[in-house]
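Asker: Next up is a structure, given as structure tokens.
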Amino acid sequence: MSEENRDAVPDPLAKGGGSGQGPLTPGGDAADTPPEAIRAIPVRHYGRWAGAALVVVLLGMLVLAFANADIQWSVVGRYLNHETIVMGAVNTLWITLLSMLLGVTLGTVLAMMRLSGNPVLSAVAYGYIWFFRGTPVLVQLFLWFNLALIFPVLNLGFYSEDMNTVITPFVAALLGLGLNEAAYMAEISRAGIQSVDRGQTEAAQALGMSGNRTMRRIVLPQAMRVIIPPTGNEFINMLKTSSLAYAIQYNELFLAGRNISSRTLAVMEMLVVVSIWYLALTTIFSVGQYYLERHYARGSDHTPPPTPLQRVARQLTSFRTRPTLPEPATATAADGGTRHDGDGTNGSGDGTGRRGDSER
Amino acid sequence: MSDATTEAHGAPDGATGTGPAGGNGGLMVKAERVHKSFGLVQVLNGIDLEVRNGEVFCLVGPSGSGKSTFLRCINHLEKINAGRLYVDGQLVGYRQKGDKLYEMKEREVAFQRRDIGMVFQRFNLFPHMTALENVMEAPVQVKGLPKSEARRRAEEMLERVGLSDRMKNYPAQLSGGQQQRVAIARALAMEPKLMLFDEPTSALDPELVGEVLDVMRGLAEEGMTMIVVTHEMGFAREVGDSLVFMDAGVVVESGHPREVLSNPQHERTQAFLSKVL
Ligand SMILES: Nc1ncnc2c1ncn2[C@@H]1O[C@H](COP(=O)(O)OP(=O)(O)O)[C@@H](O)[C@H]1O
Ligand SMILES: [Mg+2]
């Protein structure tokens with residue numbers, strides 16, 4: 001207390017003798033010689049240690065349980081790259097890509113319709129979204145698959161065909177998944193476009209840019225920042241939701257697994273195989289999404305979060321350099337360095353795009 | 001993306017419509033009984049004013065008096081409901097054939113806006129582009145300038161506003177004053193004949209106001225025609241050639257800034273000035 005007071009009152013006569021001062025008291029002559037770095041005993045987190053120990057024990061028990069479970073890991077290994085399974089994974093990827101393409105394209109059109117200011121277009125888009133968001137995908141898949149029951153023949157005037165020939169499991173899956181997705185993408189795009197400040201459009205128009213060009217060069221790139229994270233989540237959801245198409249005989253990953261297990265009776269094994277594949281696919285696309293978000297985040301942050309690779313590289317160098325710095329002065333600098341690394345890790349942890357799974 | 005496709009390069013057909021000012025007649029802007037309403041709210045109630053070539057024209061008035069709206073009418077961001085508005089002798093946003101007015105197509109309006117630079121209170125820089133890209137955008141996209149030429153010119157403009165060392169920075173990495181100077185450079189890159197400033201320093205921290213006003217002062221000295229909505233009476237007094245006091249959508253008083261500011265005639269002007277000075 002008294003020391004603080006003495007510091008606060010400027011006393012021209014007091015000679016700044018730094019001798020009798022403790023390491024934690026900022027001296028009057030702090031400007032001349034920097035105070036010694038703080039070396040306090042850190043707070044002990046006993047709770048954390050206990051929690052970590054508990055979780056490790058539980059994890060060990062889980063691993064042990066699975067190791068002794070009645071599951072044949074050799075079968076899992078054998079079927080992991082079985083032709084049927086790989087084919088199923090390829091089909092899953094294929095239907096996901098095509099459905100998302102259909103969903104994004106049609107969704108953007110629907111978003112533009114809703115924002116067009118044309119009451120008819122806006123109402124039609126609204127009606128579409130209302131129907132496709134309001135009914136389960138599984139029901140929609142069956143609706144498309146059974147279309148021949150009510151329209152036996154597809155007649156477009158110039159083209160006529162038996163409906164059962166047109167609606168293959170693939171076509172039904174694509175329509176069911178893609179048209180449903182469009183309803184979600186419409187809302188995502190609309191929110192993205194509306195999130196861009198009106199001042200941006202005005203600035204572009206004041207410079208003489210046309211409406212189309214303003215949309216393409218100014219509004220959409222900024223809307224992307226809002227659109228991409230939920231779209232990435234939609235994509236990853238679609239990878240998994242596409243498994244519903246097994247019900248209409250589309251030969252995707254889950255159906256491939258089932259076909260094998262009904263033959264070999266290795267039910268659990270095939271479910272594990274299929275899960276490993278789904279995990280691999282979703283992981284790959286999560287990483288892709290991360291880099292895409294990073295790209296569209298430019299200009300929004302002062303510096304973009306480090307990529308996982310950069311983070312690893314930085315951590316390696318910090319491991320390497322830390323022990324070779326003996327001097328206290330340089331040790332302070334090294335502390336600063338490691339703290340910065342820590343920040344980087346946390347920051348990019350936020351940036352992995354896992355903000356709120358889509359609320360489906 | 002591709003710099004080959006650009007907006008209209010030449011004047012769109014029939015974008016003439018010369019008004020009574022005739023070619024320009026020394027007047028950059030001429031407003032005749034301009035009215036503007038938003039629904040039932042009458043915002044501009046017959047604005048008459050003239051801005052001469054090369055003049056620094058200051059527009060002051062209380063908040064909500066319609067200053068921004070009037071500026072936005074000048075480059076047709078808002079449509080006027082009645083009266084006539086000419087820029088450089090041409091009717092804004094309409095074509096007159098005989099005694100009939102035809103609304104201009106989007107393309108023609110955009111063409112008119114190229115020559116009118118606008119600086120906003122909140123900068124409105126494009127956040128996804130660097131300072132340099134912000135300044136290059138319109139010359140490349142609108143005028144179809146080759147990238148290299150646009151870059152050269154953008155660098156020149158940024159140097160002029162004292163930001164040669166900030167070209168690669170994104171707006172979020174710049175201070176308010178720096179952002180506003182980039183915004184001025186962005187407008188200047190289109191080589192406008194008229195610059196509109198809507199309270200360019202109102203969103204700035206006090207210590208940053210000076211750097212923006214300095215750039216504007218430099219522009220004025222080079223002879224740029226400028227309409228400046230501002231509460232910086234010092235700037236108006238020192239740099240302004242004429243000043244208009246607006247209230248409730250009408251011009252209350254106008255004259256030379258020094259006269260109006262030191263000897264306001266109208267009591268509404270007096271009341272306003274006693275608050276801001
Ligand atoms: N787009 C708009 N829709 C409805 N009212 C508006 C709109 N823009 C401005 N106004 C109204 O017009 C009046 C004048 O606004 P403005 O021109 O911004 O005034 P100033 O710039 O002088 O403060 C205000 O009452 C404002 O609420
Ligand atoms: Mg205003």
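Ordering of the structure tokens sets the chain letters (A, B, ...); residue numbers start at 1 within each chain; ligands are numbered from 1 in the order shown.
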Pick out the residues no farther than 9 Å from ligand 1, counting only C-alpha atoms and all ligand atoms, and list them as a PyMOL selection string.
Answerer: chain B and resi 36-39+41-44+60-72+78+198-199+229+246-249
Asker: Taking only C-alpha atoms into account and nothing else, which residues of chain A lie no more than 10 Å away from chain B? Please answer as an MDAnalysis selection string.
Answerer: chainID A and resid 197:211 213:214 216:219 221:222 225 296:303
Asker: Take the residues from that selection and write them out as a PDB file, in the first residue's frame, keeping C-alpha atoms.
Answerer:
```
ATOM      1  CA  ASP A 197     -23.646  -4.398 -45.591  1.00  0.00           C
ATOM      2  CA  ARG A 198     -25.798  -2.268 -47.885  1.00  0.00           C
ATOM      3  CA  GLY A 199     -23.016   0.305 -47.925  1.00  0.00           C
ATOM      4  CA  GLN A 200     -20.976  -2.147 -50.004  1.00  0.00           C
ATOM      5  CA  THR A 201     -23.525  -2.168 -52.809  1.00  0.00           C
ATOM      6  CA  GLU A 202     -23.809   1.593 -52.644  1.00  0.00           C
ATOM      7  CA  ALA A 203     -20.063   2.107 -52.790  1.00  0.00           C
ATOM      8  CA  ALA A 204     -19.829  -0.181 -55.821  1.00  0.00           C
ATOM      9  CA  GLN A 205     -22.711   1.537 -57.571  1.00  0.00           C
ATOM     10  CA  ALA A 206     -21.306   4.968 -56.808  1.00  0.00           C
ATOM     11  CA  LEU A 207     -18.182   3.832 -58.656  1.00  0.00           C
ATOM     12  CA  GLY A 208     -20.306   3.005 -61.696  1.00  0.00           C
ATOM     13  CA  MET A 209     -20.506  -0.769 -61.314  1.00  0.00           C
ATOM     14  CA  SER A 210     -23.587  -2.538 -62.659  1.00  0.00           C
ATOM     15  CA  GLY A 211     -25.838  -4.619 -60.446  1.00  0.00           C
ATOM     16  CA  ARG A 213     -20.929  -6.965 -61.412  1.00  0.00           C
ATOM     17  CA  THR A 214     -21.580  -5.633 -57.916  1.00  0.00           C
ATOM     18  CA  ARG A 216     -20.241 -10.975 -58.472  1.00  0.00           C
ATOM     19  CA  ARG A 217     -17.273  -8.876 -57.410  1.00  0.00           C
ATOM     20  CA  ILE A 218     -18.416  -7.273 -54.177  1.00  0.00           C
ATOM     21  CA  VAL A 219     -21.425  -8.981 -52.571  1.00  0.00           C
ATOM     22  CA  PRO A 221     -17.228 -12.831 -52.204  1.00  0.00           C
ATOM     23  CA  GLN A 222     -18.225 -11.307 -48.896  1.00  0.00           C
ATOM     24  CA  ARG A 225     -17.592 -15.985 -45.672  1.00  0.00           C
ATOM     25  CA  TYR A 296     -12.498 -16.456 -47.784  1.00  0.00           C
ATOM     26  CA  ALA A 297     -11.611 -15.038 -44.373  1.00  0.00           C
ATOM     27  CA  ARG A 298      -8.969 -12.808 -45.907  1.00  0.00           C
ATOM     28  CA  GLY A 299      -9.386  -9.215 -44.916  1.00  0.00           C
ATOM     29  CA  SER A 300     -11.551 -10.080 -41.935  1.00  0.00           C
ATOM     30  CA  ASP A 301      -8.767 -10.943 -39.499  1.00  0.00           C
ATOM     31  CA  HIS A 302      -5.590  -9.088 -38.897  1.00  0.00           C
ATOM     32  CA  THR A 303      -3.664 -12.254 -39.638  1.00  0.00           C
TER      33      THR A 303
END
```
Asker: Excluding same-chain residues fewer than 6 positions from Arg78 of chain A, what lies within 12 Å of it counting only C-alpha atoms, as a VMD selection string?
Answerer: chain A and resid 72 84 to 85 266 269 to 270 272 to 273
Asker: Write the residues of the preceding selection, restricted to C-alpha atoms, as a PDB file, in the first residue's frame.
Answerer:
```pdb
ATOM      1  CA  GLN A  72     -13.099 -60.341 -35.728  1.00  0.00           C
ATOM      2  CA  THR A  84     -17.612 -53.918 -53.126  1.00  0.00           C
ATOM      3  CA  ILE A  85     -16.852 -51.532 -50.270  1.00  0.00           C
ATOM      4  CA  ALA A 266     -20.167 -60.365 -40.140  1.00  0.00           C
ATOM      5  CA  GLU A 269     -17.442 -56.073 -38.639  1.00  0.00           C
ATOM      6  CA  MET A 270     -19.006 -54.554 -41.729  1.00  0.00           C
ATOM      7  CA  VAL A 272     -17.053 -50.956 -38.410  1.00  0.00           C
ATOM      8  CA  VAL A 273     -15.645 -51.056 -41.952  1.00  0.00           C
TER       9      VAL A 273
END
```
Asker: Do a neighbour search on Thr201 of chain B at 8 Å with only C-alpha atoms, toss out local chain neighbours closer than 2 positions, and write the hits as a VMD selection string.
Answerer: chain B and resid 121 199 203 to 204 209 212 to 213 230
Asker: Residues of the last selection are to be written out with all heavy atoms, as a PDB file, in the first residue's frame.
Answerer:
```pdb
ATOM      1  N   GLN B 121     -19.494   8.373 -45.023  1.00  0.00           N
ATOM      2  CA  GLN B 121     -19.161   8.554 -43.613  1.00  0.00           C
ATOM      3  C   GLN B 121     -18.482   7.313 -43.044  1.00  0.00           C
ATOM      4  O   GLN B 121     -17.521   7.410 -42.304  1.00  0.00           O
ATOM      5  CB  GLN B 121     -20.454   8.846 -42.849  1.00  0.00           C
ATOM      6  CG  GLN B 121     -20.263   9.147 -41.392  1.00  0.00           C
ATOM      7  CD  GLN B 121     -21.576   9.523 -40.726  1.00  0.00           C
ATOM      8  OE1 GLN B 121     -22.576   9.766 -41.385  1.00  0.00           O
ATOM      9  NE2 GLN B 121     -21.568   9.590 -39.417  1.00  0.00           N
ATOM     10  N   GLU B 199     -20.102  13.665 -44.779  1.00  0.00           N
ATOM     11  CA  GLU B 199     -19.521  13.654 -43.432  1.00  0.00           C
ATOM     12  C   GLU B 199     -18.297  12.734 -43.361  1.00  0.00           C
ATOM     13  O   GLU B 199     -18.277  11.776 -42.579  1.00  0.00           O
ATOM     14  CB  GLU B 199     -20.570  13.219 -42.402  1.00  0.00           C
ATOM     15  CG  GLU B 199     -21.805  14.097 -42.421  1.00  0.00           C
ATOM     16  CD  GLU B 199     -22.630  13.956 -41.149  1.00  0.00           C
ATOM     17  OE1 GLU B 199     -22.034  13.665 -40.088  1.00  0.00           O
ATOM     18  OE2 GLU B 199     -23.845  14.163 -41.204  1.00  0.00           O
ATOM     19  N   ALA B 203     -16.948   9.786 -38.515  1.00  0.00           N
ATOM     20  CA  ALA B 203     -16.762   8.494 -37.847  1.00  0.00           C
ATOM     21  C   ALA B 203     -15.329   8.333 -37.339  1.00  0.00           C
ATOM     22  O   ALA B 203     -14.934   7.243 -36.964  1.00  0.00           O
ATOM     23  CB  ALA B 203     -17.101   7.354 -38.814  1.00  0.00           C
ATOM     24  N   LEU B 204     -14.568   9.411 -37.371  1.00  0.00           N
ATOM     25  CA  LEU B 204     -13.146   9.307 -37.027  1.00  0.00           C
ATOM     26  C   LEU B 204     -12.865   9.801 -35.615  1.00  0.00           C
ATOM     27  O   LEU B 204     -13.530  10.704 -35.111  1.00  0.00           O
ATOM     28  CB  LEU B 204     -12.305  10.134 -38.000  1.00  0.00           C
ATOM     29  CG  LEU B 204     -12.357   9.713 -39.461  1.00  0.00           C
ATOM     30  CD1 LEU B 204     -11.491  10.633 -40.297  1.00  0.00           C
ATOM     31  CD2 LEU B 204     -11.905   8.275 -39.613  1.00  0.00           C
ATOM     32  N   VAL B 209      -8.920  13.240 -37.711  1.00  0.00           N
ATOM     33  CA  VAL B 209      -9.700  14.091 -38.605  1.00  0.00           C
ATOM     34  C   VAL B 209      -8.777  14.896 -39.511  1.00  0.00           C
ATOM     35  O   VAL B 209      -9.002  15.014 -40.717  1.00  0.00           O
ATOM     36  CB  VAL B 209     -10.612  15.027 -37.780  1.00  0.00           C
ATOM     37  CG1 VAL B 209     -11.203  16.111 -38.652  1.00  0.00           C
ATOM     38  CG2 VAL B 209     -11.716  14.224 -37.109  1.00  0.00           C
ATOM     39  N   VAL B 212      -7.404  13.486 -42.904  1.00  0.00           N
ATOM     40  CA  VAL B 212      -8.384  13.398 -43.989  1.00  0.00           C
ATOM     41  C   VAL B 212      -8.677  14.795 -44.547  1.00  0.00           C
ATOM     42  O   VAL B 212      -8.733  14.993 -45.760  1.00  0.00           O
ATOM     43  CB  VAL B 212      -9.674  12.712 -43.496  1.00  0.00           C
ATOM     44  CG1 VAL B 212     -10.766  12.789 -44.534  1.00  0.00           C
ATOM     45  CG2 VAL B 212      -9.387  11.260 -43.132  1.00  0.00           C
ATOM     46  N   LEU B 213      -8.831  15.751 -43.639  1.00  0.00           N
ATOM     47  CA  LEU B 213      -9.100  17.122 -44.097  1.00  0.00           C
ATOM     48  C   LEU B 213      -7.930  17.644 -44.926  1.00  0.00           C
ATOM     49  O   LEU B 213      -8.125  18.374 -45.896  1.00  0.00           O
ATOM     50  CB  LEU B 213      -9.357  18.040 -42.902  1.00  0.00           C
ATOM     51  CG  LEU B 213     -10.663  17.779 -42.144  1.00  0.00           C
ATOM     52  CD1 LEU B 213     -10.849  18.811 -41.036  1.00  0.00           C
ATOM     53  CD2 LEU B 213     -11.866  17.810 -43.077  1.00  0.00           C
ATOM     54  N   THR B 230     -20.518  18.484 -43.941  1.00  0.00           N
ATOM     55  CA  THR B 230     -19.569  18.421 -42.828  1.00  0.00           C
ATOM     56  C   THR B 230     -20.046  19.204 -41.617  1.00  0.00           C
ATOM     57  O   THR B 230     -20.893  20.089 -41.716  1.00  0.00           O
ATOM     58  CB  THR B 230     -18.185  18.944 -43.264  1.00  0.00           C
ATOM     59  OG1 THR B 230     -17.262  18.728 -42.215  1.00  0.00           O
ATOM     60  CG2 THR B 230     -18.229  20.419 -43.608  1.00  0.00           C
TER      61      THR B 230
END
```
Asker: Please indicate the distance in Å from atom CA of Ser189 of chain A to atom CA of Ser122 of chain A, rounded to one decimal place.
Answerer: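 Taking atom CA of Ser189 of chain A as the start and atom CA of Ser122 of chain A as the end point, the length is 14.4 Å.
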Asker: Name the residues in contact with Val87 of chain B at a cut-off of 7 Å, using only C-alpha atoms, excluding same-chain residues fewer than 4 positions from it; report them as an MDAnalysis selection string.
Answerer: chainID B and resid 28:30 91:92
Asker: For ligand 2, which of B:Glu159, B:Leu59, B:Ala185, B:Gly218 is the closest residue, counting only C-alpha atoms and all ligand atoms?
Answerer: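 The closest residue to ligand 2 is B:Leu59.
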Asker: Excluding Ile236 of chain A and any residue of its chain fewer than 2 positions from it, enumerate the residues within 9 Å of it, using only C-alpha atoms, and give them as a PyMOL selection string.
Answerer: chain A and resi 96+231-234+238-241+281-283+285-286
Asker: Next, the residues of the selection above should be written as a CSV table (one decimal), in the first residue's frame with C-alpha atoms.
Answerer:
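New file selection25.csv:
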```
chain,number,residue,atom,x,y,z
A,96,THR,CA,-22.8,-36.5,-52.5
A,231,THR,CA,-22.2,-25.3,-46.7
A,232,GLY,CA,-19.2,-27.3,-45.5
A,233,ASN,CA,-21.4,-28.7,-42.7
A,234,GLU,CA,-24.1,-29.5,-45.3
A,238,MET,CA,-24.7,-35.1,-47.0
A,239,LEU,CA,-21.9,-37.7,-47.0
A,240,LYS,CA,-23.7,-39.3,-44.1
A,241,THR,CA,-27.3,-38.7,-45.1
A,281,LEU,CA,-14.3,-39.2,-46.0
A,282,THR,CA,-15.7,-36.6,-43.5
A,283,THR,CA,-12.2,-36.0,-42.1
A,285,PHE,CA,-13.6,-32.9,-46.3
A,286,SER,CA,-13.3,-31.1,-43.0
```
Asker: Running DSSP on the backbone, which parts of segment 85-255 of chain B land in strand (DSSP E or B), as number ranges by chain?
Answerer: B: 85-87, 90-91, 94-97, 100-103, 116-119, 194-198, 225-229, 242-247, 250-255
Asker: Could you write out that same residue set with N, CA and C atoms as a short mmCIF file (atom, residue, chain, number, x, y, z; two decimals), in the first residue's frame?
Answerer:
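Contents of again29.cif, freshly written:
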```cif
data_model
loop_
_atom_site.label_atom_id
_atom_site.label_comp_id
_atom_site.auth_asym_id
_atom_site.auth_seq_id
_atom_site.Cartn_x
_atom_site.Cartn_y
_atom_site.Cartn_z
N LEU B 85 -32.58 17.90 -61.63
CA LEU B 85 -31.23 17.89 -61.08
C LEU B 85 -30.26 17.65 -62.24
N TYR B 86 -29.34 18.58 -62.44
CA TYR B 86 -28.37 18.44 -63.53
C TYR B 86 -26.96 18.32 -62.97
N VAL B 87 -26.18 17.43 -63.57
CA VAL B 87 -24.75 17.38 -63.26
C VAL B 87 -24.01 17.59 -64.57
N GLN B 90 -26.10 17.75 -67.60
CA GLN B 90 -26.95 16.62 -67.98
C GLN B 90 -27.91 16.27 -66.86
N LEU B 91 -29.13 15.95 -67.27
CA LEU B 91 -30.14 15.52 -66.32
C LEU B 91 -29.69 14.23 -65.65
N TYR B 94 -32.39 10.61 -65.87
CA TYR B 94 -33.50 10.65 -66.84
C TYR B 94 -33.01 11.22 -68.15
N ARG B 95 -33.78 10.91 -69.20
CA ARG B 95 -33.53 11.50 -70.50
C ARG B 95 -34.76 12.30 -70.86
N GLN B 96 -34.56 13.48 -71.38
CA GLN B 96 -35.71 14.28 -71.77
C GLN B 96 -35.82 14.30 -73.28
N LYS B 97 -37.02 13.87 -73.77
CA LYS B 97 -37.27 13.96 -75.22
C LYS B 97 -38.56 14.73 -75.36
N LYS B 100 -41.28 14.89 -72.52
CA LYS B 100 -41.43 13.63 -71.79
C LYS B 100 -40.11 13.22 -71.16
N LEU B 101 -40.19 12.66 -69.95
CA LEU B 101 -38.99 12.16 -69.28
C LEU B 101 -38.96 10.65 -69.39
N TYR B 102 -37.80 10.11 -69.74
CA TYR B 102 -37.63 8.66 -69.78
C TYR B 102 -36.61 8.25 -68.72
N GLU B 103 -36.99 7.24 -67.95
CA GLU B 103 -36.03 6.73 -66.98
C GLU B 103 -34.85 6.11 -67.70
N ILE B 116 -18.68 10.77 -61.03
CA ILE B 116 -19.00 11.39 -59.75
C ILE B 116 -18.44 10.51 -58.65
N GLY B 117 -17.45 11.00 -57.96
CA GLY B 117 -16.86 10.22 -56.87
C GLY B 117 -17.64 10.45 -55.60
N MET B 118 -17.76 9.41 -54.78
CA MET B 118 -18.47 9.59 -53.52
C MET B 118 -17.67 9.01 -52.37
N VAL B 119 -17.63 9.76 -51.28
CA VAL B 119 -16.92 9.31 -50.08
C VAL B 119 -17.93 9.26 -48.94
N LEU B 194 -16.48 15.50 -60.29
CA LEU B 194 -17.17 16.00 -59.11
C LEU B 194 -17.00 15.00 -57.98
N MET B 195 -16.70 15.51 -56.80
CA MET B 195 -16.56 14.62 -55.64
C MET B 195 -17.60 14.97 -54.60
N LEU B 196 -18.28 13.93 -54.09
CA LEU B 196 -19.27 14.14 -53.03
C LEU B 196 -18.72 13.56 -51.73
N PHE B 197 -18.72 14.34 -50.68
CA PHE B 197 -18.24 13.87 -49.39
C PHE B 197 -19.39 13.92 -48.39
N ASP B 198 -19.77 12.77 -47.85
CA ASP B 198 -20.86 12.76 -46.88
C ASP B 198 -20.28 12.58 -45.48
N THR B 225 -13.97 20.04 -58.10
CA THR B 225 -15.29 20.47 -57.66
C THR B 225 -15.75 19.51 -56.58
N MET B 226 -16.11 20.05 -55.42
CA MET B 226 -16.43 19.19 -54.29
C MET B 226 -17.69 19.67 -53.58
N ILE B 227 -18.57 18.73 -53.26
CA ILE B 227 -19.68 19.05 -52.36
C ILE B 227 -19.41 18.31 -51.07
N VAL B 228 -19.32 19.05 -49.99
CA VAL B 228 -18.88 18.47 -48.73
C VAL B 228 -19.95 18.68 -47.66
N VAL B 229 -20.54 17.58 -47.21
CA VAL B 229 -21.41 17.66 -46.04
C VAL B 229 -20.51 17.51 -44.83
N SER B 242 -18.47 28.27 -51.02
CA SER B 242 -19.80 28.69 -50.62
C SER B 242 -20.37 27.66 -49.65
N LEU B 243 -21.38 28.11 -48.93
CA LEU B 243 -21.94 27.26 -47.89
C LEU B 243 -23.44 27.38 -47.91
N VAL B 244 -24.10 26.23 -47.76
CA VAL B 244 -25.56 26.24 -47.70
C VAL B 244 -25.97 25.63 -46.38
N PHE B 245 -26.87 26.29 -45.69
CA PHE B 245 -27.42 25.73 -44.47
C PHE B 245 -28.79 25.16 -44.79
N MET B 246 -28.95 23.87 -44.53
CA MET B 246 -30.21 23.18 -44.83
C MET B 246 -30.91 22.82 -43.55
N ASP B 247 -32.23 22.89 -43.56
CA ASP B 247 -33.00 22.39 -42.43
C ASP B 247 -34.34 21.89 -42.94
N VAL B 250 -35.13 22.04 -46.77
CA VAL B 250 -35.07 23.26 -47.58
C VAL B 250 -33.76 24.00 -47.29
N VAL B 251 -33.36 24.82 -48.28
CA VAL B 251 -32.18 25.65 -48.07
C VAL B 251 -32.62 26.86 -47.27
N VAL B 252 -32.04 27.02 -46.08
CA VAL B 252 -32.45 28.13 -45.23
C VAL B 252 -31.64 29.37 -45.53
N GLU B 253 -30.36 29.14 -45.75
CA GLU B 253 -29.47 30.27 -45.92
C GLU B 253 -28.24 29.84 -46.70
N SER B 254 -27.73 30.74 -47.55
CA SER B 254 -26.52 30.38 -48.27
C SER B 254 -25.67 31.62 -48.51
N GLY B 255 -24.41 31.39 -48.81
CA GLY B 255 -23.51 32.49 -49.05
C GLY B 255 -22.07 32.06 -48.90
#
```
Asker: Extract, using only C-alpha atoms, all DNA, RNA and protein residues at most 12 Å from Arg190 of chain A, discarding same-chain residues fewer than 6 positions from it, and format them as a ChimeraX atom specification.
Answerer: /A:104,107-116,122,125-126,182-184,196,219-220,223-224,226-227
Asker: Residues as selected, N, CA, C and O atoms, written as a CSV table (one decimal), in the first residue's frame, can you do that?
Answerer:
```csv
chain,number,residue,atom,x,y,z
A,104,VAL,N,-26.7,-26.7,-54.3
A,104,VAL,CA,-26.1,-25.3,-54.3
A,104,VAL,C,-26.6,-24.5,-55.5
A,104,VAL,O,-27.0,-23.3,-55.3
A,107,GLY,N,-30.3,-24.0,-55.0
A,107,GLY,CA,-30.5,-23.2,-53.8
A,107,GLY,C,-30.1,-21.7,-54.1
A,107,GLY,O,-30.8,-20.8,-53.6
A,108,THR,N,-29.1,-21.4,-54.8
A,108,THR,CA,-28.7,-20.1,-55.2
A,108,THR,C,-29.9,-19.4,-56.0
A,108,THR,O,-30.2,-18.3,-55.7
A,109,VAL,N,-30.4,-20.2,-56.9
A,109,VAL,CA,-31.5,-19.7,-57.7
A,109,VAL,C,-32.7,-19.3,-56.8
A,109,VAL,O,-33.3,-18.2,-56.9
A,110,LEU,N,-33.0,-20.2,-55.9
A,110,LEU,CA,-34.1,-20.0,-55.0
A,110,LEU,C,-33.9,-18.8,-54.1
A,110,LEU,O,-34.8,-18.0,-53.9
A,111,ALA,N,-32.6,-18.6,-53.7
A,111,ALA,CA,-32.3,-17.4,-52.8
A,111,ALA,C,-32.5,-16.1,-53.6
A,111,ALA,O,-33.1,-15.2,-53.1
A,112,MET,N,-32.0,-16.1,-54.9
A,112,MET,CA,-32.2,-15.0,-55.7
A,112,MET,C,-33.7,-14.7,-55.9
A,112,MET,O,-34.2,-13.5,-55.9
A,113,MET,N,-34.5,-15.8,-56.1
A,113,MET,CA,-35.9,-15.6,-56.3
A,113,MET,C,-36.5,-15.0,-55.1
A,113,MET,O,-37.4,-14.0,-55.2
A,114,ARG,N,-36.1,-15.4,-53.9
A,114,ARG,CA,-36.7,-14.9,-52.7
A,114,ARG,C,-36.3,-13.4,-52.5
A,114,ARG,O,-37.1,-12.6,-51.9
A,115,LEU,N,-35.1,-13.1,-53.0
A,115,LEU,CA,-34.7,-11.7,-52.8
A,115,LEU,C,-35.0,-10.8,-53.9
A,115,LEU,O,-34.7,-9.6,-53.9
A,116,SER,N,-35.7,-11.3,-54.9
A,116,SER,CA,-35.9,-10.6,-56.2
A,116,SER,C,-36.8,-9.4,-56.1
A,116,SER,O,-36.8,-8.5,-56.9
A,122,SER,N,-40.9,-14.9,-55.4
A,122,SER,CA,-40.6,-15.0,-53.9
A,122,SER,C,-41.5,-16.0,-53.3
A,122,SER,O,-41.0,-16.9,-52.5
A,125,ALA,N,-40.6,-19.6,-54.3
A,125,ALA,CA,-39.4,-20.1,-53.6
A,125,ALA,C,-39.7,-20.4,-52.2
A,125,ALA,O,-39.3,-21.4,-51.7
A,126,TYR,N,-40.6,-19.6,-51.6
A,126,TYR,CA,-40.9,-19.9,-50.2
A,126,TYR,C,-41.7,-21.2,-50.1
A,126,TYR,O,-41.4,-22.0,-49.2
A,182,ALA,N,-31.4,-28.3,-51.8
A,182,ALA,CA,-31.6,-27.0,-52.3
A,182,ALA,C,-32.4,-26.1,-51.4
A,182,ALA,O,-32.1,-24.9,-51.3
A,183,ALA,N,-33.3,-26.7,-50.7
A,183,ALA,CA,-34.1,-25.9,-49.7
A,183,ALA,C,-33.3,-25.3,-48.6
A,183,ALA,O,-33.4,-24.2,-48.2
A,184,TYR,N,-32.3,-26.2,-48.1
A,184,TYR,CA,-31.4,-25.7,-47.1
A,184,TYR,C,-30.4,-24.7,-47.6
A,184,TYR,O,-30.2,-23.6,-47.0
A,196,VAL,N,-24.3,-9.0,-46.1
A,196,VAL,CA,-23.4,-8.0,-46.6
A,196,VAL,C,-24.0,-6.7,-46.5
A,196,VAL,O,-25.1,-6.4,-46.8
A,219,VAL,N,-20.5,-8.4,-53.6
A,219,VAL,CA,-21.4,-9.0,-52.6
A,219,VAL,C,-21.1,-10.5,-52.3
A,219,VAL,O,-20.9,-10.9,-51.2
A,220,LEU,N,-21.1,-11.3,-53.4
A,220,LEU,CA,-20.9,-12.7,-53.3
A,220,LEU,C,-19.6,-13.1,-52.6
A,220,LEU,O,-19.6,-13.9,-51.7
A,223,ALA,N,-20.3,-12.5,-49.1
A,223,ALA,CA,-21.3,-13.5,-48.6
A,223,ALA,C,-20.7,-14.9,-48.4
A,223,ALA,O,-21.1,-15.6,-47.5
A,224,MET,N,-19.7,-15.2,-49.2
A,224,MET,CA,-19.1,-16.5,-49.1
A,224,MET,C,-18.6,-16.8,-47.7
A,224,MET,O,-18.6,-17.9,-47.2
A,226,VAL,N,-19.9,-16.1,-45.0
A,226,VAL,CA,-21.0,-16.5,-44.2
A,226,VAL,C,-21.6,-17.8,-44.8
A,226,VAL,O,-22.1,-18.7,-44.0
A,227,ILE,N,-21.5,-18.0,-46.1
A,227,ILE,CA,-22.1,-19.2,-46.7
A,227,ILE,C,-21.2,-20.4,-46.6
A,227,ILE,O,-21.8,-21.5,-46.4
```
Asker: Looking only at the backbone, which of the residues in segment 56-232 of chain A does DSSP tag as alpha helix (DSSP H), as a VMD selection string?
Answerer: chain A and resid 56 to 68 73 to 80 83 to 115 119 to 134 137 to 145 163 to 166 169 to 195 198 to 206 211 to 213 220 to 232
